[in-house]
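Q: Structure below; questions to follow.
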Amino acid sequence: GMIVAATWPILLQVQKLLWGKRTAAALAMTALLAFLFIVPLVVALGLVVAYSDKIMAWVDGISNVVLPLPPPWVEALPIVGAKLAGVWRDAAMSGAATIFDQVAPHAEEIASWLFKQSGNPGKTIFDLFLTVVISGILYASGDTAAQGLLRFFCRLAGEWGEKVAILAVKTVRGVALGVVVTAVVQSTVAGIGLAVTGVPAPGLLAAVMFILCLA
């Protein structure tokens, strides 16, 4: 329901483009949802599974990394330069093993969650498929459901009930669009940045970021 409420204005625009036919617009929006949600998740889970050995090897090798001292330009940064250089210098002096011991519990929790999600991709994909199907049904008959809810809230609290229901829909729409758009933009920009700077497996890291943004 949240997805449908968030994308309802888009459905109305698509319906205008399809000569006012709601069924065709509902089918088009359902296909668009499948492309936007199911396809990226399938790709992301596949990448996590494919690179699982490299991820574990990278995590195991962190403790052996030698951190260099901060370059002079770091300390020259305004406001945060001195503090950042001090933290960096302390980390370099204590060694990567100490830092790894501090972040290891959190890293293990994140890795465990990722592998749990990627270890059962069928269930995740089925859940998303069911979400898309239900969204398609609501696209086709959403007007009837919306009118029923408005009548219920109007009978419950009069004019204020109807206003609260409309405000709730607008709130859900804003939050849902914010979460999805932010996840797409963040993962895309980060993936491009990682690829440009030569970081290994930028697609994998971008896919992980996308999943974490939506989680």
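Ligands are numbered from 1 in the order shown, chains are lettered A, B, ... in the order of the structure tokens, and residues start at 1 in each chain.
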Can you pull out the residues contacting Ser187 of chain A? Cut-off 8 Å, using only C-alpha atoms, and skip same-chain residues under 5 positions away; I want them as an MDAnalysis selection string.

A: chainID A and resid 206:207 209:210

Q: Excluding Trp88 of chain A and any residue of its chain fewer than 5 positions from it, enumerate the residues within 12 Å of it, using only C-alpha atoms, and give them as a ChimeraX atom specification.

A: /A:67-72,74-75,80-83,93-96,99

Q: Would you mind listing what lies within 9 Å of segment 130-139 of chain A as a PyMOL selection string, with only C-alpha atoms counted and same-chain residues fewer than 5 positions away left out?

A: chain A and resi 1+3-4+8+11+22-23+25-27+29-31+33-34+37-38+125+145

Q: Using atom CA of Trp73 of chain A and atom CA of Ala85 of chain A as the two end points, give the distance in Å to one decimal.

A: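 One can read the atom CA of Trp73 of chain A to atom CA of Ala85 of chain A distance as 9.3 Å.
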
Q: Tell me which of A:Cys213, A:Gly198, A:Ile10, A:Leu156 sits closest to Ala28 of chain A, counting only C-alpha atoms.

A: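 Checking each of A:Cys213, A:Gly198, A:Ile10, A:Leu156 against Ala28 of chain A, counting only C-alpha atoms, the winner is A:Ile10.
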
Q: Expressed in Å to a single decimal, how great is the separation between atom CA of Leu36 of chain A and atom CA of Val184 of chain A?

A: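 Atom CA of Leu36 of chain A sits 9.7 Å away from atom CA of Val184 of chain A.
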
Q: Which of these residues is nearest to Thr188 of chain A, using only C-alpha atoms: A:Pro40, A:Gly158, A:Pro9, A:Pro78?

A: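 When distances to Thr188 of chain A are compared using only C-alpha atoms, the smallest one comes from A:Pro40.
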
Q: Which polymer residues have any atom within 8 Å of an atom of segment 176-181 of chain A, counting only C-alpha atoms, with same-chain residues fewer than 4 positions away left out, as a list in words?

A: Met2, Ile3, Ala6, Val172, Val185, Cys213 and Leu214 of chain A

Q: For a test of reading the model, state the distance in Å between atom CA of Val175 of chain A and atom CA of Ala157 of chain A, rounded to one decimal.

A: 25.1 Å
